[in-house]
file final_17.csv (CSV, C-alpha atoms)
chain,number,residue,atom,x,y,z
Q,100,MET,CA,-90.9,-55.8,138.1
Q,101,LYS,CA,-93.6,-54.4,140.4
Q,102,ASN,CA,-96.0,-57.2,139.5
Q,103,ASN,CA,-93.4,-59.8,140.3
Q,104,TYR,CA,-93.2,-58.5,143.9
Q,105,LYS,CA,-96.9,-58.4,144.2
Q,106,TYR,CA,-97.2,-62.0,142.9
Q,107,ILE,CA,-94.5,-63.2,145.4
Q,108,PHE,CA,-96.1,-61.2,148.2
Q,109,THR,CA,-99.4,-63.0,147.7
Q,110,PHE,CA,-97.7,-66.3,148.2
Q,111,PHE,CA,-95.9,-65.2,151.4
Q,112,PRO,CA,-98.3,-66.9,153.8
Q,113,THR,CA,-97.9,-70.2,152.0
Q,114,ILE,CA,-94.1,-69.9,151.9
Q,115,GLY,CA,-94.1,-68.9,155.6
Q,116,ILE,CA,-96.2,-71.9,156.6
Q,117,LEU,CA,-93.9,-74.2,154.7
Q,118,ILE,CA,-90.8,-72.7,156.3
Q,119,PHE,CA,-92.6,-73.1,159.7
Q,120,ILE,CA,-93.2,-76.8,159.0
Q,121,LEU,CA,-89.6,-77.4,157.9
Q,122,LEU,CA,-88.2,-75.6,161.0
Q,123,TYR,CA,-90.5,-77.4,163.4
Q,124,LEU,CA,-89.6,-80.8,161.9
Q,125,PHE,CA,-85.9,-79.9,162.1
Q,126,SER,CA,-86.3,-78.8,165.8
Q,127,SER,CA,-88.2,-82.0,166.6
Q,128,LYS,CA,-85.1,-83.9,165.5
Q,129,LEU,CA,-82.9,-81.9,167.8
Q,130,TYR,CA,-85.1,-82.3,170.9
Q,131,PRO,CA,-83.1,-84.3,173.5
Q,132,GLY,CA,-86.1,-86.1,175.0
Q,133,GLY,CA,-88.6,-86.5,177.7
Q,134,SER,CA,-92.3,-86.1,177.9
Q,135,GLN,CA,-95.1,-85.9,180.5
Q,136,ASN,CA,-95.7,-89.6,179.8
Q,137,ASP,CA,-92.0,-90.7,180.1
Q,138,LEU,CA,-89.4,-88.3,181.4
Q,139,ASN,CA,-86.6,-90.7,180.2
Q,140,SER,CA,-87.8,-91.1,176.6
Q,141,ILE,CA,-85.4,-90.1,173.8
Q,142,GLY,CA,-86.3,-87.5,171.2
Q,143,PHE,CA,-89.5,-85.7,170.4
Q,144,ASP,CA,-92.6,-87.9,170.5
Q,145,TRP,CA,-95.4,-86.4,168.3
Q,146,ILE,CA,-98.0,-88.2,170.5
Q,147,ASN,CA,-96.7,-87.5,174.0
Q,148,ASN,CA,-95.0,-84.1,173.6
Q,149,TYR,CA,-96.5,-80.7,173.0
Q,150,TRP,CA,-95.2,-78.3,170.4
Q,151,CYS,CA,-94.4,-75.8,173.1
Q,152,ASN,CA,-91.9,-78.4,174.6
Q,153,LEU,CA,-89.7,-77.5,171.7
Q,154,MET,CA,-89.5,-73.9,172.9
Q,155,ASN,CA,-88.5,-74.6,176.5
Q,156,GLU,CA,-85.0,-73.9,177.7
Q,157,ASN,CA,-84.6,-77.4,179.0
Q,158,ALA,CA,-86.2,-80.6,177.7
Q,159,MET,CA,-88.5,-82.6,179.9
Q,160,ASN,CA,-85.6,-84.9,180.8
Q,161,GLY,CA,-83.6,-81.9,182.2
Q,162,GLN,CA,-81.1,-81.6,179.3
Q,163,VAL,CA,-80.4,-78.3,177.6
Q,164,ASN,CA,-82.8,-78.0,174.6
Q,165,PRO,CA,-80.8,-77.2,171.4
Q,166,ALA,CA,-84.1,-77.1,169.4
Q,167,ARG,CA,-85.3,-73.9,171.2
Q,168,PRO,CA,-83.9,-71.3,168.8
Q,169,TYR,CA,-85.3,-73.1,165.7
Q,170,ALA,CA,-88.7,-73.6,167.3
Q,171,ILE,CA,-89.0,-70.0,168.4
Q,172,THR,CA,-87.9,-68.8,164.9
Q,173,ALA,CA,-90.5,-71.1,163.4
Q,174,MET,CA,-93.3,-69.7,165.6
Q,175,ILE,CA,-92.3,-66.1,164.7
Q,176,ILE,CA,-92.4,-66.9,161.0
Q,177,LEU,CA,-95.8,-68.6,161.4
Q,178,CYS,CA,-97.2,-65.5,163.2
Q,179,ILE,CA,-95.9,-63.2,160.5
Q,180,ALA,CA,-97.2,-65.4,157.7
Q,181,LEU,CA,-100.7,-65.7,159.3
Q,182,SER,CA,-100.9,-62.0,160.0
Q,183,HIS,CA,-100.1,-61.4,156.4
Q,184,PHE,CA,-102.7,-63.9,155.3
Q,185,PHE,CA,-105.4,-62.2,157.4
Q,186,ILE,CA,-104.5,-58.8,156.0
Q,187,LEU,CA,-104.8,-60.2,152.4
Q,188,PHE,CA,-108.0,-62.0,153.3
Q,189,ALA,CA,-109.5,-58.8,154.7
Q,190,GLN,CA,-108.6,-56.9,151.5
Q,191,LYS,CA,-110.4,-59.4,149.4
call {"tool": "encode", "arguments": {"input": "final_17.csv", "output": "structure tokens"}}
result
Amino acid sequence: MKNNYKYIFTFFPTIGILIFILLYLFSSKLYPGGSQNDLNSIGFDWINNYWCNLMNENAMNGQVNPARPYAITAMIILCIALSHFFILFAQK
């Protein structure tokens, strides 16, 4: 049983990064719109928006941003997963 936890624990960084990607894709679908290039654009544009736009309280077009909680959660998961990766890497 102890080896199962250790095995799963070694894959935590990969799992965390995959969860981050899924949450960020989901939050990009929720983003109301607007970018520095076009304030009236609709939705999240992967070329003209920054990732941090998903974490703002309001979208670039001024609307309330419903993607914010998912984007912030995704960033927290990414930070934890990368921290765990560097700890594992240093142990090797």
call {"tool": "closest_residue", "arguments": {"input": "final_17.csv", "among": "Q:Ala189, Q:Leu124, Q:Leu177, Q:Pro168", "to": "Q:Glu156", "atoms": "all atoms listed in the file"}}
result
Q:Pro168
call {"tool": "atom_distance", "arguments": {"input": "final_17.csv", "atom1": "atom CA of Q:Ile179", "atom2": "atom CA of Q:Ala158"}}
result
26.3 Å
call {"tool": "closest_residue", "arguments": {"input": "final_17.csv", "among": "Q:Met159, Q:Leu187, Q:Ile107, Q:Cys151", "to": "Q:Met174", "atoms": "only C-alpha atoms"}}
result
Q:Cys151
call {"tool": "atom_distance", "arguments": {"input": "final_17.csv", "atom1": "atom CA of Q:Tyr169", "atom2": "atom CA of Q:Leu181"}}
result
18.2 Å
call {"tool": "atom_distance", "arguments": {"input": "final_17.csv", "atom1": "atom CA of Q:Phe110", "atom2": "atom CA of Q:Thr172"}}
result
19.5 Å
call {"tool": "residues_around", "arguments": {"input": "final_17.csv", "residues": "Q:Lys128", "least_positions_apart": "3", "cutoff": "8 Å", "atoms": "only C-alpha atoms", "output": "number ranges by chain"}}
result
Q: 124-125, 142-143, 166
call {"tool": "write_last_selection", "arguments": {"input": "final_17.csv", "atoms": "C-alpha atoms", "output": "PDB file, keeping the file's coordinate frame"}}
result
ATOM      1  CA  LEU Q 124     -89.600 -80.800 161.900  1.00  0.00           C
ATOM      2  CA  PHE Q 125     -85.900 -79.900 162.100  1.00  0.00           C
ATOM      3  CA  GLY Q 142     -86.300 -87.500 171.200  1.00  0.00           C
ATOM      4  CA  PHE Q 143     -89.500 -85.700 170.400  1.00  0.00           C
ATOM      5  CA  ALA Q 166     -84.100 -77.100 169.400  1.00  0.00           C
TER       6      ALA Q 166
END
call {"tool": "closest_residue", "arguments": {"input": "final_17.csv", "among": "Q:Pro131, Q:Met154, Q:Val163, Q:Asn136", "to": "Q:Ile175", "atoms": "only C-alpha atoms"}}
result
Q:Met154
call {"tool": "decode", "arguments": {"input": "final_17.csv", "residues": "stretch 121-135 of chain Q", "atoms": "all heavy atoms", "output": "PDB file, in the first residue's frame"}}
result
ATOM      1  N   LEU Q 121      -6.307  21.686 -18.369  1.00  0.00           N
ATOM      2  CA  LEU Q 121      -7.752  21.537 -18.513  1.00  0.00           C
ATOM      3  C   LEU Q 121      -8.510  22.718 -17.911  1.00  0.00           C
ATOM      4  O   LEU Q 121      -9.456  23.235 -18.515  1.00  0.00           O
ATOM      5  CB  LEU Q 121      -8.212  20.231 -17.873  1.00  0.00           C
ATOM      6  CG  LEU Q 121      -7.763  18.956 -18.574  1.00  0.00           C
ATOM      7  CD1 LEU Q 121      -8.164  17.730 -17.755  1.00  0.00           C
ATOM      8  CD2 LEU Q 121      -8.345  18.890 -19.970  1.00  0.00           C
ATOM      9  N   LEU Q 122      -8.088  23.157 -16.727  1.00  0.00           N
ATOM     10  CA  LEU Q 122      -8.759  24.298 -16.104  1.00  0.00           C
ATOM     11  C   LEU Q 122      -8.538  25.589 -16.885  1.00  0.00           C
ATOM     12  O   LEU Q 122      -9.437  26.426 -16.987  1.00  0.00           O
ATOM     13  CB  LEU Q 122      -8.275  24.479 -14.656  1.00  0.00           C
ATOM     14  CG  LEU Q 122      -8.887  23.555 -13.628  1.00  0.00           C
ATOM     15  CD1 LEU Q 122      -8.210  23.741 -12.268  1.00  0.00           C
ATOM     16  CD2 LEU Q 122     -10.373  23.805 -13.512  1.00  0.00           C
ATOM     17  N   TYR Q 123      -7.349  25.767 -17.448  1.00  0.00           N
ATOM     18  CA  TYR Q 123      -7.094  26.976 -18.221  1.00  0.00           C
ATOM     19  C   TYR Q 123      -7.869  26.965 -19.535  1.00  0.00           C
ATOM     20  O   TYR Q 123      -8.372  28.010 -19.970  1.00  0.00           O
ATOM     21  CB  TYR Q 123      -5.594  27.173 -18.446  1.00  0.00           C
ATOM     22  CG  TYR Q 123      -5.139  28.461 -17.835  1.00  0.00           C
ATOM     23  CD1 TYR Q 123      -5.033  28.589 -16.462  1.00  0.00           C
ATOM     24  CD2 TYR Q 123      -4.856  29.571 -18.621  1.00  0.00           C
ATOM     25  CE1 TYR Q 123      -4.646  29.774 -15.884  1.00  0.00           C
ATOM     26  CE2 TYR Q 123      -4.474  30.761 -18.046  1.00  0.00           C
ATOM     27  CZ  TYR Q 123      -4.372  30.860 -16.683  1.00  0.00           C
ATOM     28  OH  TYR Q 123      -4.013  32.050 -16.115  1.00  0.00           O
ATOM     29  N   LEU Q 124      -7.993  25.804 -20.170  1.00  0.00           N
ATOM     30  CA  LEU Q 124      -8.819  25.725 -21.375  1.00  0.00           C
ATOM     31  C   LEU Q 124     -10.282  26.013 -21.041  1.00  0.00           C
ATOM     32  O   LEU Q 124     -10.975  26.729 -21.772  1.00  0.00           O
ATOM     33  CB  LEU Q 124      -8.682  24.343 -22.018  1.00  0.00           C
ATOM     34  CG  LEU Q 124      -7.359  24.055 -22.711  1.00  0.00           C
ATOM     35  CD1 LEU Q 124      -7.299  22.592 -23.144  1.00  0.00           C
ATOM     36  CD2 LEU Q 124      -7.141  24.979 -23.885  1.00  0.00           C
ATOM     37  N   PHE Q 125     -10.748  25.472 -19.924  1.00  0.00           N
ATOM     38  CA  PHE Q 125     -12.121  25.727 -19.489  1.00  0.00           C
ATOM     39  C   PHE Q 125     -12.341  27.208 -19.190  1.00  0.00           C
ATOM     40  O   PHE Q 125     -13.338  27.793 -19.615  1.00  0.00           O
ATOM     41  CB  PHE Q 125     -12.451  24.872 -18.259  1.00  0.00           C
ATOM     42  CG  PHE Q 125     -13.831  25.089 -17.726  1.00  0.00           C
ATOM     43  CD1 PHE Q 125     -14.939  24.675 -18.450  1.00  0.00           C
ATOM     44  CD2 PHE Q 125     -14.029  25.710 -16.507  1.00  0.00           C
ATOM     45  CE1 PHE Q 125     -16.215  24.886 -17.969  1.00  0.00           C
ATOM     46  CE2 PHE Q 125     -15.296  25.922 -16.011  1.00  0.00           C
ATOM     47  CZ  PHE Q 125     -16.402  25.505 -16.746  1.00  0.00           C
ATOM     48  N   SER Q 126     -11.402  27.822 -18.474  1.00  0.00           N
ATOM     49  CA  SER Q 126     -11.565  29.238 -18.144  1.00  0.00           C
ATOM     50  C   SER Q 126     -11.466  30.120 -19.384  1.00  0.00           C
ATOM     51  O   SER Q 126     -12.116  31.161 -19.453  1.00  0.00           O
ATOM     52  CB  SER Q 126     -10.565  29.671 -17.070  1.00  0.00           C
ATOM     53  OG  SER Q 126      -9.246  29.538 -17.533  1.00  0.00           O
ATOM     54  N   SER Q 127     -10.702  29.702 -20.384  1.00  0.00           N
ATOM     55  CA  SER Q 127     -10.632  30.490 -21.619  1.00  0.00           C
ATOM     56  C   SER Q 127     -11.972  30.466 -22.362  1.00  0.00           C
ATOM     57  O   SER Q 127     -12.301  31.414 -23.071  1.00  0.00           O
ATOM     58  CB  SER Q 127      -9.509  29.995 -22.520  1.00  0.00           C
ATOM     59  OG  SER Q 127      -9.814  28.749 -23.085  1.00  0.00           O
ATOM     60  N   LYS Q 128     -12.734  29.401 -22.187  1.00  0.00           N
ATOM     61  CA  LYS Q 128     -14.067  29.336 -22.795  1.00  0.00           C
ATOM     62  C   LYS Q 128     -15.059  30.244 -22.065  1.00  0.00           C
ATOM     63  O   LYS Q 128     -16.035  30.700 -22.659  1.00  0.00           O
ATOM     64  CB  LYS Q 128     -14.598  27.902 -22.795  1.00  0.00           C
ATOM     65  CG  LYS Q 128     -13.763  26.928 -23.580  1.00  0.00           C
ATOM     66  CD  LYS Q 128     -13.813  27.250 -25.046  1.00  0.00           C
ATOM     67  CE  LYS Q 128     -13.008  26.230 -25.816  1.00  0.00           C
ATOM     68  NZ  LYS Q 128     -12.801  26.617 -27.197  1.00  0.00           N
ATOM     69  N   LEU Q 129     -14.811  30.500 -20.773  1.00  0.00           N
ATOM     70  CA  LEU Q 129     -15.714  31.338 -19.990  1.00  0.00           C
ATOM     71  C   LEU Q 129     -15.421  32.829 -20.122  1.00  0.00           C
ATOM     72  O   LEU Q 129     -16.247  33.660 -19.769  1.00  0.00           O
ATOM     73  CB  LEU Q 129     -15.623  30.964 -18.502  1.00  0.00           C
ATOM     74  CG  LEU Q 129     -16.111  29.581 -18.109  1.00  0.00           C
ATOM     75  CD1 LEU Q 129     -15.885  29.360 -16.620  1.00  0.00           C
ATOM     76  CD2 LEU Q 129     -17.573  29.402 -18.456  1.00  0.00           C
ATOM     77  N   TYR Q 130     -14.235  33.178 -20.619  1.00  0.00           N
ATOM     78  CA  TYR Q 130     -13.815  34.577 -20.688  1.00  0.00           C
ATOM     79  C   TYR Q 130     -14.774  35.358 -21.589  1.00  0.00           C
ATOM     80  O   TYR Q 130     -14.998  34.977 -22.740  1.00  0.00           O
ATOM     81  CB  TYR Q 130     -12.387  34.655 -21.218  1.00  0.00           C
ATOM     82  CG  TYR Q 130     -11.777  36.031 -21.175  1.00  0.00           C
ATOM     83  CD1 TYR Q 130     -11.380  36.595 -19.977  1.00  0.00           C
ATOM     84  CD2 TYR Q 130     -11.595  36.763 -22.348  1.00  0.00           C
ATOM     85  CE1 TYR Q 130     -10.813  37.842 -19.934  1.00  0.00           C
ATOM     86  CE2 TYR Q 130     -11.022  38.016 -22.320  1.00  0.00           C
ATOM     87  CZ  TYR Q 130     -10.637  38.552 -21.101  1.00  0.00           C
ATOM     88  OH  TYR Q 130     -10.074  39.805 -21.062  1.00  0.00           O
ATOM     89  N   PRO Q 131     -15.333  36.480 -21.095  1.00  0.00           N
ATOM     90  CA  PRO Q 131     -16.326  37.216 -21.876  1.00  0.00           C
ATOM     91  C   PRO Q 131     -15.772  37.887 -23.131  1.00  0.00           C
ATOM     92  O   PRO Q 131     -16.432  37.925 -24.156  1.00  0.00           O
ATOM     93  CB  PRO Q 131     -16.868  38.261 -20.922  1.00  0.00           C
ATOM     94  CG  PRO Q 131     -16.200  38.075 -19.637  1.00  0.00           C
ATOM     95  CD  PRO Q 131     -15.177  37.014 -19.767  1.00  0.00           C
ATOM     96  N   GLY Q 132     -14.578  38.429 -23.053  1.00  0.00           N
ATOM     97  CA  GLY Q 132     -14.016  39.025 -24.266  1.00  0.00           C
ATOM     98  C   GLY Q 132     -13.205  40.273 -24.017  1.00  0.00           C
ATOM     99  O   GLY Q 132     -13.103  40.786 -22.918  1.00  0.00           O
ATOM    100  N   GLY Q 133     -12.634  40.746 -25.095  1.00  0.00           N
ATOM    101  CA  GLY Q 133     -11.805  41.928 -25.058  1.00  0.00           C
ATOM    102  C   GLY Q 133     -10.340  41.577 -24.980  1.00  0.00           C
ATOM    103  O   GLY Q 133      -9.951  40.585 -24.379  1.00  0.00           O
ATOM    104  N   SER Q 134      -9.542  42.367 -25.681  1.00  0.00           N
ATOM    105  CA  SER Q 134      -8.090  42.214 -25.638  1.00  0.00           C
ATOM    106  C   SER Q 134      -7.472  43.585 -25.857  1.00  0.00           C
ATOM    107  O   SER Q 134      -8.174  44.560 -26.144  1.00  0.00           O
ATOM    108  CB  SER Q 134      -7.613  41.242 -26.722  1.00  0.00           C
ATOM    109  OG  SER Q 134      -7.847  41.771 -28.004  1.00  0.00           O
ATOM    110  N   GLN Q 135      -6.168  43.689 -25.720  1.00  0.00           N
ATOM    111  CA  GLN Q 135      -5.506  44.966 -25.974  1.00  0.00           C
ATOM    112  C   GLN Q 135      -5.630  45.351 -27.441  1.00  0.00           C
ATOM    113  O   GLN Q 135      -5.639  46.525 -27.773  1.00  0.00           O
ATOM    114  CB  GLN Q 135      -4.038  44.898 -25.563  1.00  0.00           C
ATOM    115  CG  GLN Q 135      -3.850  44.842 -24.075  1.00  0.00           C
ATOM    116  CD  GLN Q 135      -2.380  44.780 -23.685  1.00  0.00           C
ATOM    117  OE1 GLN Q 135      -1.530  44.423 -24.491  1.00  0.00           O
ATOM    118  NE2 GLN Q 135      -2.098  45.129 -22.444  1.00  0.00           N
TER     119      GLN Q 135
END
